[in-house]
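Undergrad: Have a look at this one.
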Amino acid sequence: MITLEKSLDKAAILNVTRRSFLQEALSASAFVLCMTKSPLLARAARNGIPLSGTIAAGSVPTIDATAFHPSLFLGIQPDGTVLIVAHRTEMGNGVRTSLPRIIADELDADWSRVKVIQGDADTQYGSQDTDGSHSVREFFDTLRETGATARLMLIRAAAQQWGVPEAQCVADPVHVVSHKASKRTIGYGELAAAAAKQPVPKKEELKLKSPSQWRYIGKPAPGYDVNDVCRGKPLFGMDVRVDGMLYAAIAHPPVLGGKVKSVDDSASLKVKGVKQTIPIDPFTPPHQFQPLGGVAVIADNTWSAFKGRDQLKIEWDNGAHAVYNSSEYKKQLQETARQPGKIVHTLGDPDAEFSKGGKVIEAEYYAPHLAHASMEPPVSVADVQGEKVTVWLPTQNPQGVQEEVAKKLGLKKENVTCHVTFLGGGFGRKSKPDYAVEAALLSKKTGKPVKVVWSREDDIKFDYFHSVAAMYIKAAVDDKGMPKAWLQRSVFPPIESTFDKDAGYGSEGEMALGWDVIPFDVPHFRSENGKAVNHVRIGWLRSVANIYHAFAVQSFANELAYAAGRDPYDYLLALIGPGQTIEAKQPPEVASEYPYDTRRLRHVAELAAQKANWGKKKSGNGWGMGIAVHRSFLTYVATVVEVEVDKSGGVRIPNVYTAVDAGIVVNPEMVQSQFQGAAVFGTSLARTGEITATNGVIDQSNFHDYPVARMNDAPVHVDVQIVESSAPPAGVGEPGVPPFAPALCNAIYAATGKRVRELPLTRNGFA
Amino acid sequence: MPERCTYLFYLSKSELLEQMQLAESRCRIGANSPDVSTKDVPMVHLKVNGSAQTFDGDAEMPLLWYLRDILGLTGTKFGCGMALCGACTVLENGKAIRSCATQMKQVESREITTIEGISTHGPHAVQKAWAEVDVPQCGYCQPGQIMQAVSLLYSKPHPTDDDIDNEMSGNICRCGTYQRIRAAIKLAAKERA
């Protein structure tokens with residue numbers, strides 16, 4: 001018998017982490033025994049035990065422990081039902097459809113017989129941290145191999161049963177193995193038990209399909225859960241109900257790092273339904289993912305908890321961050337951006353080029369803090385029973401929930417069970433498990449399951465905000481207006497300040513989000529970064545630093561075009577040049593698979609402009625088009641925005657044309673949705689998105705003063721062209737966002753002659 | 001206050017100011033007078049999805065929390081608490097209302113229909129259209145969007161683009177599914193014709 005360690009290729013296929021059990025299994029009963037390690041079987045063990053009063057009723061099928069479980073991600077039931085685990089988070093990104101379809105394709109499974117099961121937090125799955133647009137990219141190969149492994153084991157089981165050569169058996173049509181010569185077929189369900197006894201094939205034995213054989217990859221599919229969603233089924237964290245559960249609302253310190261000086265809860269305790277109030281300790285800096293502290297009001301329903309919280313009389317010690325005033329802070333950032341900063345990347349000798357004299361063009365840009373404002377505010381249910389904790393919540397980071405809850409409660413991570421619900425939007429906010437820790441602390445104190453519900457005001461005032469940023473760019477141009485030298489400097493409070501309170505410079509990762517290099521053919525270049533002091537929690541928001549970096553670079557490119565007296569699209573192509581491989585700061589393993597190839601960027605620019613009929617209509621008199629290009633999360637995007645601007649500055653966006661090259665695309669339908677949505681997300685941030693602070697307190701609180709795009713001010717039509725590509729899959733959820741704001745602002749310039757250098761539009765007389 | 005509040009078409013200016021004052025007072029924790037309602041209130045009678053219900057709790061409790069926490073009908077979503085986002089939309093006697101800004105004392109003798117109540121005999125035409133167009137991304141706002149669309153099609157079986165914009169702009173979708181929502185409403189109107 002071959003030992004598992006010898007036969008498996010851990011890096012290639014995560015499912016083999018359980019091959020050891022398989023290989024050691026000498027009998028069916030041993031096999032089943034060992035399989036209790038499978039998370040699918042863990043779910044089976046819970047059959048009959050409702051997750052909660054109502055959540056996801058019926059969504060966990062009865063799982064037969066004797067069935068074929070060739071992978072952590074996959075099980076085939078004797079009745080032919082194929083169970084596939086979605087181990088990453090569904091928040092509109094479509095992973096509960098795209099990831100299972102990768103397995104189903106290589107398995108040749110009938111999609112209508114696939115049941116998708118949401119994976120709990122489990123390190124066996126590998127990364128479950130659903131951000132950075134890498135779900136498909138990171139797991140594409142693993143999931144294909146998972147499906148192919150199971151297919152081969154089924155085929156071998158059938159071949160043995162029939163006594164025919166394996167090579168004569170095929171998985172065709174779906175869900176059966178056929179022996180064409182003898183016209184015999186047998187279903188996957190019937191084969192499950194025999195397949196389970198097959199040795200696990202080596203990776204070299206697998207026959208992955210060629211792209212032309214794909215049934216599901218690259219073919220549009222509706223969301224797996226669309227019917228449940230449209231029927232209002234209890235799918236979301238906000239919908240979790242556990243027997244005996246209490247509800248909590250928390251009065252957080254208005255200023256980061258603030259502490260309770262005194263609290264009078266007498267009026268609060270008189271509110272019908274309020275049970276008690278519980279202080280939550282302030283965090284020890286750095287704040288990381290710790291709760292903010294404050295006072296919790298515990299009640300028997302959400303409304304009473306909110307109402308009780310309104311009645312608290314708290315005197316706060318606001319602490320050091322009460323100095324934060326956005327208007328003053330803006331001046332500091334802008335001043336820093338005017339001074340030499342830390343060098344990020346240099347090409348050629350820009351200083352020598354600038355010192356030669358000649359025409360220099362410079363500009364400053366500014367973009368404010370943003371709040372995530374997902375439709376479902378943060379919410380979490382926790383049940384602490386002795387040394388064990390169960391948490392139900394919408395999270396992008398299930399294993400992070402385990403870690404943070406365990407750390408705060410002084411427990412082992414393995415003792416924290418984290419059930420992942422659907423997310424009512426995430427956008428990066430729900431990567432931070434502070435609200436899960438709050439629920440766990442309160443459950444421990446009350447001895448009962450507790451549901452912490454954040455109001456919209458909590459969500460907006462106490463977010464992990466997208467960074468405010470000031471940028472300065474200058475270029476020395478030749479007599480044709482093309483840049484010979486380019487210097488750019490950005491200043492923003494970095495994400496690292498959430499983990500190190502003294503951090504002031506952007507990390508290499510943030511610099512790689514559209515700042516270390518530019519996709520233009522400029523021989524002398526330097527990017528710099530200045531230091532910024534931080535006063536609020538900074539976090540990542542859909543596409544992160546790309547938002548302000550693309551805004552500055554793509555606006556500046558547009559400014560150079562007009563300075564040169566050229567059409568902005570033609571000029572942009574000239575800036576990109578014929579195309580090259582840019583030396584970007586990427587990890588070597590990424591760079592080898594995903595070189596930064598500006599030919600692909602040029603191609604999407606051409607596609608978008610062509611679809612938009614660029615140049616066919618004269619800009620001006622309140623009508624215009626703008627274009628911007630950007631590569632982020634390894635995906636190349638070009639966006640053309642068409643605007644109509646009325647006399648009072650009202651901006652209408654009748655059309656957006658986006659072209660995207662994301663390599664191999666698993667579900668084009670979902671890619672369409674993501675890019676349509678990115679245009680709306682971009683509209684929100686560009687038109688009205690602005691978070692400010694006065695004396696450390698966030699000024700905005702709800703959708704009246706933090707407006708987001710609605711149907712009547714969102715783009716009317718978003719056209720998305722997806723480049724057919726055989727390049728490895730790249731990101732999809734985020735890359736649509738960065739080019740939108742500069743394309744919009746460039747369109748407004750074309751329409752009105754007014755340059756927007758500071759976001760949002762409402763700061764510039766537009767609305 | 002934003003200068004351009006046209007998207008809050010369903011609120012008069014005075015109603016909007018009232019909502020904003022409410023929001024401001026919420027943000028000043030402890031600034032309220034201790035006006036708490038512990039006094040007994042009369043029983044509220046209503047129908048929810050055709051079933052008669054009575055409620056003797058806090059008469060100021062928004063219908064939203066009654067539906068979600070008391071009845072366990074969690075299809076109706078909490079988004080803003082101020083009638084600004086429409087995630088909580090339900091039908092009151094057939095017309096869309098914001099359940100987060102409707103107190104229990106205001107629904108005496110009313111018939112309330114939630115997302116759970118429109119598909120008792122299979123999916124509603126609007127739900128079918130929503131699935132056909134594959135509208136949802138995260139899906140959280142969609143029950144509210146669907147209830148608003150049901151209300152729209154009830155009053156205007158063949159809505160124009162402007163009708164759709166006007167009726168639907170009170171419902172926020174942060175994922176940005178508006179283009180598909182418009183398409184789905186048109187499809188539902190066509191299917192019902």
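FYI, nothing fancy with the structure tokens labels: chains A, B, ... in order, residues from 1 per chain, ligands from 1 as they appear.
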Which residues of range 258-310 of chain A come within 9 Å of range 55-67 of chain B, and what is each one's closest atom pair and distance in Å (one decimal), counting only C-alpha atoms, sorted by chain and residue number, as JSON lines?
TA:
{"residue": "A:Lys272", "atom": "CA", "partner": "B:Asp58", "partner_atom": "CA", "distance": 7.0}
{"residue": "A:Gly273", "atom": "CA", "partner": "B:Asp58", "partner_atom": "CA", "distance": 8.7}
{"residue": "A:Asn301", "atom": "CA", "partner": "B:Trp65", "partner_atom": "CA", "distance": 7.7}
{"residue": "A:Thr302", "atom": "CA", "partner": "B:Trp65", "partner_atom": "CA", "distance": 6.8}
{"residue": "A:Trp303", "atom": "CA", "partner": "B:Trp65", "partner_atom": "CA", "distance": 6.2}
{"residue": "A:Ser304", "atom": "CA", "partner": "B:Met61", "partner_atom": "CA", "distance": 8.0}
Undergrad: Just C-alpha atoms for this one: save the residues we selected as a PDB file, in the first residue's frame.
TA:
ATOM      1  CA  LYS A 272     -40.055  47.845  27.763  1.00  0.00           C
ATOM      2  CA  GLY A 273     -38.064  44.804  26.694  1.00  0.00           C
ATOM      3  CA  ASN A 301     -35.980  42.363  20.630  1.00  0.00           C
ATOM      4  CA  THR A 302     -33.954  44.616  18.359  1.00  0.00           C
ATOM      5  CA  TRP A 303     -36.203  47.635  18.648  1.00  0.00           C
ATOM      6  CA  SER A 304     -36.099  47.678  22.434  1.00  0.00           C
TER       7      SER A 304
END
Undergrad: Skip range 121-127 of chain B itself and residues of its chain fewer than 6 positions away, then list as JSON, numbers by chain all residues within 12 Å of it, counting only C-alpha atoms.
TA: {"A": [226, 227, 228, 229, 230, 231, 232], "B": [115, 133, 134, 135, 136, 142, 143, 144, 145, 146, 147, 148, 149, 150, 151, 152, 153, 154, 157, 181, 182, 183, 184, 185, 186, 187, 188, 189, 190, 191, 192, 193]}
Undergrad: Write a file of the just-selected residues containing C-alpha atoms, as a CSV table (one decimal), in the first residue's frame.
TA:
chain,number,residue,atom,x,y,z
A,226,VAL,CA,-31.7,33.2,-7.0
A,227,ASN,CA,-35.0,31.6,-6.2
A,228,ASP,CA,-34.4,31.5,-2.4
A,229,VAL,CA,-33.2,35.1,-2.5
A,230,CYS,CA,-36.3,36.3,-4.4
A,231,ARG,CA,-38.6,34.5,-2.0
A,232,GLY,CA,-37.0,36.3,1.0
B,115,ILE,CA,-42.3,38.9,0.7
B,133,VAL,CA,-33.2,38.3,-15.4
B,134,ASP,CA,-31.0,37.0,-12.6
B,135,VAL,CA,-31.3,40.4,-10.8
B,136,PRO,CA,-29.8,39.7,-7.4
B,142,GLN,CA,-34.3,42.4,-3.2
B,143,PRO,CA,-37.3,41.5,-1.1
B,144,GLY,CA,-37.9,45.2,-0.7
B,145,GLN,CA,-37.3,45.9,-4.4
B,146,ILE,CA,-39.7,43.1,-5.3
B,147,MET,CA,-42.4,44.4,-3.0
B,148,GLN,CA,-42.0,47.9,-4.4
B,149,ALA,CA,-42.2,46.5,-7.9
B,150,VAL,CA,-45.4,44.5,-7.0
B,151,SER,CA,-46.9,47.7,-5.7
B,152,LEU,CA,-45.9,49.6,-8.9
B,153,LEU,CA,-47.3,47.0,-11.2
B,154,TYR,CA,-50.5,47.0,-9.2
B,157,PRO,CA,-49.5,47.6,-15.1
B,181,ILE,CA,-34.4,45.6,-11.8
B,182,ARG,CA,-35.7,47.8,-14.6
B,183,ALA,CA,-35.5,45.0,-17.1
B,184,ALA,CA,-37.2,42.6,-14.7
B,185,ILE,CA,-40.1,45.0,-14.1
B,186,LYS,CA,-40.6,45.4,-17.8
B,187,LEU,CA,-40.5,41.6,-18.2
B,188,ALA,CA,-43.0,41.1,-15.4
B,189,ALA,CA,-45.3,43.7,-17.0
B,190,LYS,CA,-45.1,41.9,-20.3
B,191,GLU,CA,-45.7,38.5,-18.9
B,192,ARG,CA,-48.8,39.7,-17.0
B,193,ALA,CA,-50.2,41.5,-20.0
Undergrad: For Val517 in chain A, please output as a CSV table (one decimal) with C-alpha atoms, in the first residue's frame all residues within 10 Å (counting only C-alpha atoms; exclusion window: fewer than 2 positions along the same chain).
TA:
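This is the output file out_28.csv:
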chain,number,residue,atom,x,y,z
A,344,VAL,CA,8.5,53.8,-4.0
A,345,HIS,CA,9.8,53.1,-7.5
A,346,THR,CA,12.1,54.9,-10.0
A,347,LEU,CA,12.7,54.4,-13.7
A,488,GLN,CA,3.7,61.2,-8.6
A,511,MET,CA,1.5,51.0,-3.4
A,512,ALA,CA,1.0,48.1,-5.8
A,513,LEU,CA,-2.7,49.2,-6.0
A,514,GLY,CA,-2.1,51.6,-8.9
A,515,TRP,CA,0.8,53.7,-7.6
A,519,PRO,CA,1.0,51.6,-17.5
A,520,PHE,CA,2.4,54.3,-19.7
A,525,PHE,CA,9.4,58.0,-13.7
A,526,ARG,CA,9.3,58.1,-9.9
A,527,SER,CA,6.5,57.3,-7.5
A,582,ILE,CA,5.8,46.5,-17.1
A,583,GLU,CA,8.2,45.6,-14.3
A,584,ALA,CA,5.6,45.7,-11.6
A,585,LYS,CA,6.3,44.8,-8.0
Undergrad: If we count only C-alpha atoms and set the cut-off at 6 Å, which residues sit around Gly424 in chain A, ignoring sequence neighbours fewer than 4 positions away in its own chain? Please answer as JSON, numbers by chain.
TA: {"A": [375, 376], "B": [138, 140]}
Undergrad: Store the residues picked out above in a file with C-alpha atoms, as a PDB file, in the first residue's frame.
TA:
ATOM      1  CA  MET A 375     -27.202  47.093   2.756  1.00  0.00           C
ATOM      2  CA  GLU A 376     -26.994  44.702   5.692  1.00  0.00           C
TER       3      GLU A 376
ATOM      4  CA  CYS B 138     -26.021  39.872  -2.657  1.00  0.00           C
ATOM      5  CA  TYR B 140     -30.379  41.613   0.693  1.00  0.00           C
TER       6      TYR B 140
END
Undergrad: Smallest atom-to-atom distance to chain B: which of A:Leu246, A:Leu191, A:Leu573, A:Cys745, using only C-alpha atoms?
TA: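 Distance minimum relative to chain B lands on A:Leu246.
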Undergrad: Using DSSP on the backbone coordinates, identify the residues of range 54-108 of chain B assigned to strand (DSSP E or B); present them as a PyMOL selection string.
TA: chain B and resi 54-55+62+89-92+95-98+103
Undergrad: Using only C-alpha atoms, which protein or nucleic acid residues come within 10 Å of range 296-300 of chain A? Drop anything in the same chain fewer than 2 positions from it, and give the result as a PyMOL selection string.
TA: (chain A and resi 244-252+265+268-269+271-280+293-294+302-312+438+442+446+450-452) or (chain B and resi 69-70)
